[in-house]
Structures are given as structure tokens and as C-alpha cells.
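*Asks:* A single structure is presented below for examination.
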Amino acid sequence: MTATVSGSRLTSTVAALADDRFAGRRVGTPGGRAAGRWLAGQLRTIGASVTTDEFPVAGVRELYRTPEFSWSADSAPRRWVHRRDFAEHLVSAGVPGPHTGELALAESDAWRDKWVLAPDLGVSARALTEGAAGLLVPRGIDAAGWMPKMIAGPPVGALPVIAVRAELHEEMTRAGSGTVTASMPLRTVDVIGSNVHGVLREPAAGSAGVLLTAHFDGVGDDPEQRLPAAADNASGVAVVLEAVRLLTPLLPDNVGLAVSLLDGEEAGARGSAHHAPGVRPGTYVINVDGAAQLGDGAAVEAGGPAHDLLAALDQAGRETGVPLRAGAMPSDNRRYAAAGLPAIGIGMGMPGYQTPAETADRVETETLVAATRLVMATVLQLAVHSRGLTALPHKDELQREG
């Protein structure tokens with residue numbers, strides 16, 4: 001039986017999810033909810049029985065205006081670019097409007113009402129006690145010069161903290177003086193997330209059930225800047241949708257097949273934490289988080305009683321020619337493994353990760369196709385061990401359509 005993997009359908013799904021109308025797909029936003037509704041429609045088109053379930057997500061960081069940051073030292077103030085030169089620190093208290101103060105070094109004696117250049121957060125207690133305006137701590141940038149966005153982290157503190165590009169931080173330290181004006185319109189919000197589930201077929205008694213998962217949420221757009229979230233994780237969603245579309249007619253009737261498109265992963269894998277405890281024991285879970293750039297191979301992390309699942313994946317890698325390597329996959333797969341389910345996470349690169357450079361054109365069609373073929377071959381291997389198939393489609397029958 002031939003299964004034609006459609007590269008054009010895969011890329012169209014990525015482009016659709018990265019579109020302006022979904023505004024970065026952050027959990028609890030109109031764009032995120034719209035993306036969930038669109039995906040529910042896609043699953044119904046495939047033939048799935050679709051349900052959704054909501055869950056609370058507390059402590060999400062939200063910028064409600066674009067932050068400002070400028071520094072002057074014996075010259076006109078220089079204004080710096082948000083997410084290029086500075087960014088919000090996740091423990092920062094909010095600074096609604098511009099606050100101006102002198103620059104102070106960590107070794108300075110007086111910090112009151114001053115912005116303190118510090119190597120890390122170790123001086124927070126002193127800064128709070130002495131009434132500093134806030135802390136400026138260094139942060140690196142990615143290869144394209146961006147500071148990736150995050151929306152979940154440790155508890156918010158009582159002091160403004162701004163992450164400054166490391167080279168700029170060093171320049172300010174060398175100067176040792178000047179005036180800083182900064183705002184950080186950052187707040188913490190509690191929202192509602194919504195997972196989208198599709199069941200293609202229920203497993204027969206004593207037979208295997210397979211659940212394919214991928215999170216569809218992103219970190220959301222900035223107030224004046226797009227973050228398309230094409231690699232993380234529109235690419236993984238595209239792979240899962242394509243795989244279930246093609247697997248349904250290939251699997252024997254006794255093998256169960258379902259898909260969960262998860263919300264709130266960027267806010268602490270909240271969607272999978274909500275869903276995992278209710279999944280049928282023994283269900284094999286395959287999670288795809290990033291399928292944009294294969295590079296030297298697919299990163300794989302296994303958890304729970306995953307011996308059979310890993311064996312199936314290893315054989316699938318050999319059949320499809322996709323190289324596999326052990327690698328950390330801190331994604332929804334860990335929530336399913338923690339619930340006692342055999343689970344693996346698969347990742348194939350995220351160019352532009354959580355920045356404006358994470359665009360659909362950077363997601364490689366070849367990688368999307370390779371990831372789909374790998375997932376399909378793994379599921380078919382599991383079906384063999386579930387007394388379903390006596391022979392698998394040959395690797396050449398998992399074709400690619402341009």
C-alpha cells in the first residue's frame with residue numbers, strides 16, 4: 001500500500017499557522033484560540049472525532065507595550081532596540097512608564113534610585129534594600145542577533161530587571177557612568193488554554209493505541225513585532241497532521257490512533273500536564289517538537305516504559321534513512337512519561353527559535369517530509385508488534401509528493 005507524503009501540504013500547514021491572523025498563537029490570546037479552532041477543522045477534514053478541553057494557565061508574562069531603553073554617557077542618549085539590544089527578564093517587576101536614573105556599577109557604594117549594572121541576580125537583595133531603580137544584567141543573543149522570547153519562568157520579583165545584550169553591558173561597564181531611561185510594561189496574567197484532540201480509531205481490547213502529539217502554541221507576538229513561531233511548533237503540528245492523515249488507511253483495525261494538539265507548552269507544558277493523567281494506560285506517545293532543520297539527525301528523548309517504542313523508532317530510522325541521536329527534548333513528551341506512559345520526543349531543529357526570524361520560509365520541506373516518514377514508519381512498526389500487520393510497506397512506498 002502506498003502512502004504519499006505531501007511536501008506542499010506540509011508547508012501549507014506551517015505557513016497557515018505562522019500567518020498574521022494567529023498573532024504568534026500564545027496561550028489564552030485571540031490568536032491562540034483561533035489557531036485551535038482552525039486545527040479542529042483540519043482534524044475533522046481528516047475524519048477524526050474532535051473534542052477540546054480547557055485548563056487554567058497562571059503566571060504568563062505579557063508585554064502590553066513595547067519596552068524602552070536608552071543610555072547616555074557624555075553624549076546624546078542612544079536608544080536601543082527591543083529584543084536586539086535588550087529584553088524583559090522573567091523575574092522583572094513591571095515599569096509602566098519611563099524611569100530615569102544614573103548608572104551605577106556593582107562595586108559602587110550608593111545605589112539608591114540608580115540602574116545597577118550587575119553580572120547576575122546575586123545582588124538583588126542589596127538592590128532592593130537600598131532602593132535601586134533596577135538591575136541591568138547581561139544576556140547573549142542568537143546567531144542572527146536576537147534575544148529569544150520567553151513567557152514562563154521563576155516567580156516575578158519586586159525589582160525591575162532588564163536583560164542587556166552582553167556586548168552593550170560590557171560597553172556600559174567600561175564607561176562606568178551615564179544616565180539610563182527605561183520602561184518595562186510587563187505584567188503577569190492568568191489565562192485559559194485549550195487542547196484539541198482527534199480520535200481516528202479506538203484500539204481493540206488487548207491491542208496497542210498510539211497517540212501523536214505536538215504543541216500548537218507559540219510565545220505570541222510582541223506589541224509591535226511579529227513572532228511567527230513557524231519552527232516551534234507549526235512544523236511539528238504539520239508533521240502530526242500529515243502522519244495521521246496517511247496512517248489511518250494503513251493501520252489494521254485493531255490498532256488505535258489518536259492525535260492531541262496541545263496548548264500552553266511555552267507556558268510550562270500545561271496542556272500536556274492537564275491531559276496526560278487521563279490517557280489510556282499503555283498508550284504509545286510520540287511527540288514532535290520542531291521539524292524544521294534536520295541537520296546531523298533527529299534528537300530523541302525517551303521516557304516511561306519506552307523500550308518497545310524505542311525499538312520501533314530505531315527500526316523506522318533505519319528504514320527511512322533518518323539519522324537518530326540521543327538529545328534532550330524538554331517538551332510535552334516528559335509530561336506523558338511522568339504519567340507512566342511510554343513516550344518519546346522527537347526534534348529536528350528550530351531556526352530562529354522564538355524570535356521574529358522564526359519564519360515559515362526557514363522550515364525545510366525535506367525535513368518536514370523526513371519527520372513525517374519517520375513517525376509513520378514508527379507507528380507501523382508498533383502495529384506489527386501488536387499482531388496487526390504481517391508485513392510493512394517498504395520504505396520506498398512512503399513516498400514524497402513535491
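Numbering starts fresh at 1 for the residues of each chain in the C-alpha cells, the chains themselves are lettered A, B, ... in the order given, and ligands are numbered from 1 as they appear.
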Assign secondary structure with DSSP using the backbone only, and return the residues of range 78-281 of chain A in alpha helix (DSSP H) as a PyMOL selection string.

*Replies:* chain A and resi 124-129+166-175+236-247+270-275

*Asks:* Grab the residues selected above and save them as a compact mmCIF listing (two decimals), in the first residue's frame with N, CA and C atoms.

*Replies:*
```txt
# COMPACT_ATOMS: atom_id res chain seq x y z
N SER A 124 20.42 41.12 44.04
CA SER A 124 19.03 41.58 44.10
C SER A 124 18.63 42.05 45.48
N ALA A 125 19.02 41.32 46.51
CA ALA A 125 18.62 41.68 47.88
C ALA A 125 19.16 43.05 48.25
N ARG A 126 20.44 43.31 47.95
CA ARG A 126 21.02 44.61 48.26
C ARG A 126 20.33 45.72 47.47
N ALA A 127 20.09 45.46 46.17
CA ALA A 127 19.46 46.46 45.32
C ALA A 127 18.07 46.82 45.85
N LEU A 128 17.33 45.85 46.32
CA LEU A 128 16.00 46.10 46.85
C LEU A 128 16.08 46.88 48.16
N THR A 129 17.02 46.47 49.04
CA THR A 129 17.17 47.14 50.33
C THR A 129 17.58 48.60 50.17
N ALA A 166 25.04 41.36 25.89
CA ALA A 166 26.30 41.23 26.63
C ALA A 166 27.33 42.26 26.19
N GLU A 167 27.44 42.49 24.88
CA GLU A 167 28.44 43.47 24.40
C GLU A 167 28.10 44.88 24.86
N LEU A 168 26.81 45.23 24.87
CA LEU A 168 26.39 46.54 25.36
C LEU A 168 26.63 46.65 26.86
N HIS A 169 26.36 45.59 27.57
CA HIS A 169 26.61 45.57 29.02
C HIS A 169 28.09 45.83 29.31
N GLU A 170 28.96 45.22 28.52
CA GLU A 170 30.40 45.45 28.70
C GLU A 170 30.77 46.90 28.38
N GLU A 171 30.18 47.45 27.33
CA GLU A 171 30.46 48.84 26.97
C GLU A 171 30.04 49.79 28.08
N MET A 172 28.88 49.55 28.65
CA MET A 172 28.40 50.40 29.74
C MET A 172 29.28 50.26 30.98
N THR A 173 29.76 49.05 31.21
CA THR A 173 30.65 48.82 32.35
C THR A 173 31.96 49.57 32.17
N ARG A 174 32.49 49.54 30.95
CA ARG A 174 33.74 50.28 30.70
C ARG A 174 33.55 51.78 30.89
N ALA A 175 32.42 52.30 30.45
CA ALA A 175 32.15 53.72 30.63
C ALA A 175 31.96 54.07 32.10
N GLY A 236 6.02 20.92 13.81
CA GLY A 236 5.63 19.67 14.44
C GLY A 236 4.16 19.35 14.25
N VAL A 237 3.32 20.37 14.32
CA VAL A 237 1.89 20.17 14.08
C VAL A 237 1.64 19.68 12.66
N ALA A 238 2.34 20.29 11.70
CA ALA A 238 2.17 19.88 10.30
C ALA A 238 2.52 18.41 10.12
N VAL A 239 3.61 17.97 10.75
CA VAL A 239 4.03 16.58 10.65
C VAL A 239 2.98 15.64 11.23
N VAL A 240 2.47 15.97 12.39
CA VAL A 240 1.47 15.10 13.03
C VAL A 240 0.20 15.02 12.20
N LEU A 241 -0.26 16.15 11.67
CA LEU A 241 -1.46 16.12 10.84
C LEU A 241 -1.26 15.27 9.59
N GLU A 242 -0.12 15.44 8.94
CA GLU A 242 0.15 14.66 7.73
C GLU A 242 0.26 13.17 8.06
N ALA A 243 0.92 12.86 9.17
CA ALA A 243 1.11 11.46 9.54
C ALA A 243 -0.22 10.76 9.82
N VAL A 244 -1.11 11.39 10.59
CA VAL A 244 -2.38 10.73 10.90
C VAL A 244 -3.26 10.63 9.66
N ARG A 245 -3.16 11.62 8.78
CA ARG A 245 -3.93 11.55 7.53
C ARG A 245 -3.57 10.31 6.72
N LEU A 246 -2.28 10.00 6.66
CA LEU A 246 -1.82 8.89 5.84
C LEU A 246 -1.84 7.55 6.56
N LEU A 247 -1.72 7.57 7.88
CA LEU A 247 -1.69 6.32 8.63
C LEU A 247 -3.06 5.64 8.72
N ARG A 270 1.70 23.09 30.06
CA ARG A 270 0.47 22.99 30.85
C ARG A 270 -0.57 22.10 30.19
N GLY A 271 -0.65 22.16 28.85
CA GLY A 271 -1.66 21.36 28.16
C GLY A 271 -1.44 19.87 28.32
N SER A 272 -0.20 19.43 28.17
CA SER A 272 0.10 18.01 28.34
C SER A 272 -0.01 17.59 29.80
N ALA A 273 0.35 18.48 30.73
CA ALA A 273 0.19 18.16 32.15
C ALA A 273 -1.27 17.93 32.49
N HIS A 274 -2.15 18.70 31.85
CA HIS A 274 -3.59 18.53 32.07
C HIS A 274 -4.11 17.25 31.44
N HIS A 275 -3.57 16.90 30.28
CA HIS A 275 -4.11 15.78 29.51
C HIS A 275 -3.54 14.42 29.90
```

*Asks:* I'd like the contact shell of Arg201 in chain A - 8 Å cut-off, only C-alpha atoms, skipping same-chain residues fewer than 5 positions apart - returned as a ChimeraX atom specification.

*Replies:* /A:253,255-258

*Asks:* At what distance in Å, to one decimal, does CA of Pro96 in chain A lie from CA of Gly193 in chain A?

*Replies:*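 Here the two named atoms are 26.7 Å from each other.
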
*Asks:* Compare A:Gly140, A:Pro342, A:Gly295, A:Pro330 by their minimum atom-to-atom distance to Leu310 in chain A, counting only C-alpha atoms, and give me the closest one.

*Replies:*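 Going through A:Gly140, A:Pro342, A:Gly295, A:Pro330 one by one, the smallest distance to Leu310 in chain A is for A:Pro342.
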
*Asks:* Between A:Ala360, A:Leu121, A:Ala214, A:Ala163, which one has atoms that come closest to Ala292 in chain A, using only C-alpha atoms?

*Replies:*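 Of A:Ala360, A:Leu121, A:Ala214, A:Ala163, the one nearest Ala292 in chain A is A:Ala360, counting only C-alpha atoms.
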
*Asks:* Give me the residues within 12 Å of Ala357 in chain A as number ranges by chain, counting only C-alpha atoms and dropping any in the same chain fewer than 5 places off.

*Replies:* A: 18, 83-84, 142-149, 225-232, 350-352, 362-363

*Asks:* Would you mind writing down, as a PDB file with C-alpha atoms, in the first residue's frame, each residue of range 174-384 of chain A that DSSP on the backbone assigns to strand (DSSP E)?

*Replies:*
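Once written, states-v7.pdb looks like this:
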```pdb
ATOM      1  CA  THR A 179      22.034  58.085  32.624  1.00  0.00           C
ATOM      2  CA  VAL A 180      19.571  55.295  31.878  1.00  0.00           C
ATOM      3  CA  THR A 181      15.925  55.729  30.955  1.00  0.00           C
ATOM      4  CA  ALA A 182      13.887  52.551  30.741  1.00  0.00           C
ATOM      5  CA  SER A 183      10.373  51.209  30.811  1.00  0.00           C
ATOM      6  CA  MET A 184       9.237  47.606  31.110  1.00  0.00           C
ATOM      7  CA  LEU A 186       5.365  43.766  31.716  1.00  0.00           C
ATOM      8  CA  ARG A 187       2.604  42.065  33.649  1.00  0.00           C
ATOM      9  CA  THR A 188       1.626  38.560  34.720  1.00  0.00           C
ATOM     10  CA  VAL A 189      -1.724  37.228  33.533  1.00  0.00           C
ATOM     11  CA  ASP A 190      -3.825  34.155  34.209  1.00  0.00           C
ATOM     12  CA  VAL A 191      -5.446  32.669  31.104  1.00  0.00           C
ATOM     13  CA  ILE A 192      -7.321  29.629  29.824  1.00  0.00           C
ATOM     14  CA  GLY A 193      -5.701  27.177  27.419  1.00  0.00           C
ATOM     15  CA  SER A 194      -7.452  24.661  25.197  1.00  0.00           C
ATOM     16  CA  ASN A 195      -6.155  21.364  23.812  1.00  0.00           C
ATOM     17  CA  VAL A 196      -7.541  19.927  20.575  1.00  0.00           C
ATOM     18  CA  HIS A 197      -7.944  16.126  20.408  1.00  0.00           C
ATOM     19  CA  GLY A 198      -8.820  13.916  17.479  1.00  0.00           C
ATOM     20  CA  VAL A 199      -9.568  10.191  17.557  1.00  0.00           C
ATOM     21  CA  LEU A 200      -9.230   8.305  14.281  1.00  0.00           C
ATOM     22  CA  ARG A 201      -9.933   4.901  15.781  1.00  0.00           C
ATOM     23  CA  GLY A 209      -3.065   2.572  20.964  1.00  0.00           C
ATOM     24  CA  VAL A 210      -0.860   5.304  19.532  1.00  0.00           C
ATOM     25  CA  LEU A 211      -1.147   8.990  20.400  1.00  0.00           C
ATOM     26  CA  LEU A 212       0.672  11.547  18.234  1.00  0.00           C
ATOM     27  CA  THR A 213       1.179  14.914  19.906  1.00  0.00           C
ATOM     28  CA  ALA A 214       2.552  18.354  19.096  1.00  0.00           C
ATOM     29  CA  HIS A 215       2.000  21.719  20.733  1.00  0.00           C
ATOM     30  CA  GLY A 256      -5.865   2.702  17.965  1.00  0.00           C
ATOM     31  CA  LEU A 257      -4.787   6.060  16.543  1.00  0.00           C
ATOM     32  CA  ALA A 258      -5.342   9.480  18.075  1.00  0.00           C
ATOM     33  CA  VAL A 259      -3.789  12.934  17.978  1.00  0.00           C
ATOM     34  CA  SER A 260      -3.555  15.682  20.590  1.00  0.00           C
ATOM     35  CA  LEU A 261      -2.613  19.198  19.539  1.00  0.00           C
ATOM     36  CA  LEU A 262      -1.566  20.836  22.762  1.00  0.00           C
ATOM     37  CA  TYR A 284       2.377   4.839  22.985  1.00  0.00           C
ATOM     38  CA  VAL A 285       3.021   8.590  22.783  1.00  0.00           C
ATOM     39  CA  ILE A 286       5.108  10.173  20.029  1.00  0.00           C
ATOM     40  CA  ASN A 287       5.637  13.923  20.451  1.00  0.00           C
ATOM     41  CA  VAL A 288       7.097  16.096  17.671  1.00  0.00           C
ATOM     42  CA  ALA A 298      16.747  13.880  14.804  1.00  0.00           C
ATOM     43  CA  ALA A 299      17.140  14.381  18.549  1.00  0.00           C
ATOM     44  CA  VAL A 300      15.282  11.723  20.535  1.00  0.00           C
ATOM     45  CA  GLU A 301      14.405  11.549  24.228  1.00  0.00           C
ATOM     46  CA  ALA A 302      12.576   8.561  25.713  1.00  0.00           C
ATOM     47  CA  GLY A 303      10.693   8.328  28.978  1.00  0.00           C
ATOM     48  CA  LEU A 324      18.770   9.468  15.144  1.00  0.00           C
ATOM     49  CA  ARG A 325      20.730  10.750  18.126  1.00  0.00           C
ATOM     50  CA  ALA A 326      20.076  10.957  21.835  1.00  0.00           C
ATOM     51  CA  ALA A 343       6.741   8.353  25.401  1.00  0.00           C
ATOM     52  CA  ILE A 344       9.355   9.740  23.069  1.00  0.00           C
ATOM     53  CA  GLY A 345      10.079  13.279  21.990  1.00  0.00           C
ATOM     54  CA  ILE A 346      11.491  13.927  18.514  1.00  0.00           C
ATOM     55  CA  GLY A 347      13.055  17.220  17.425  1.00  0.00           C
TER      56      GLY A 347
END
```
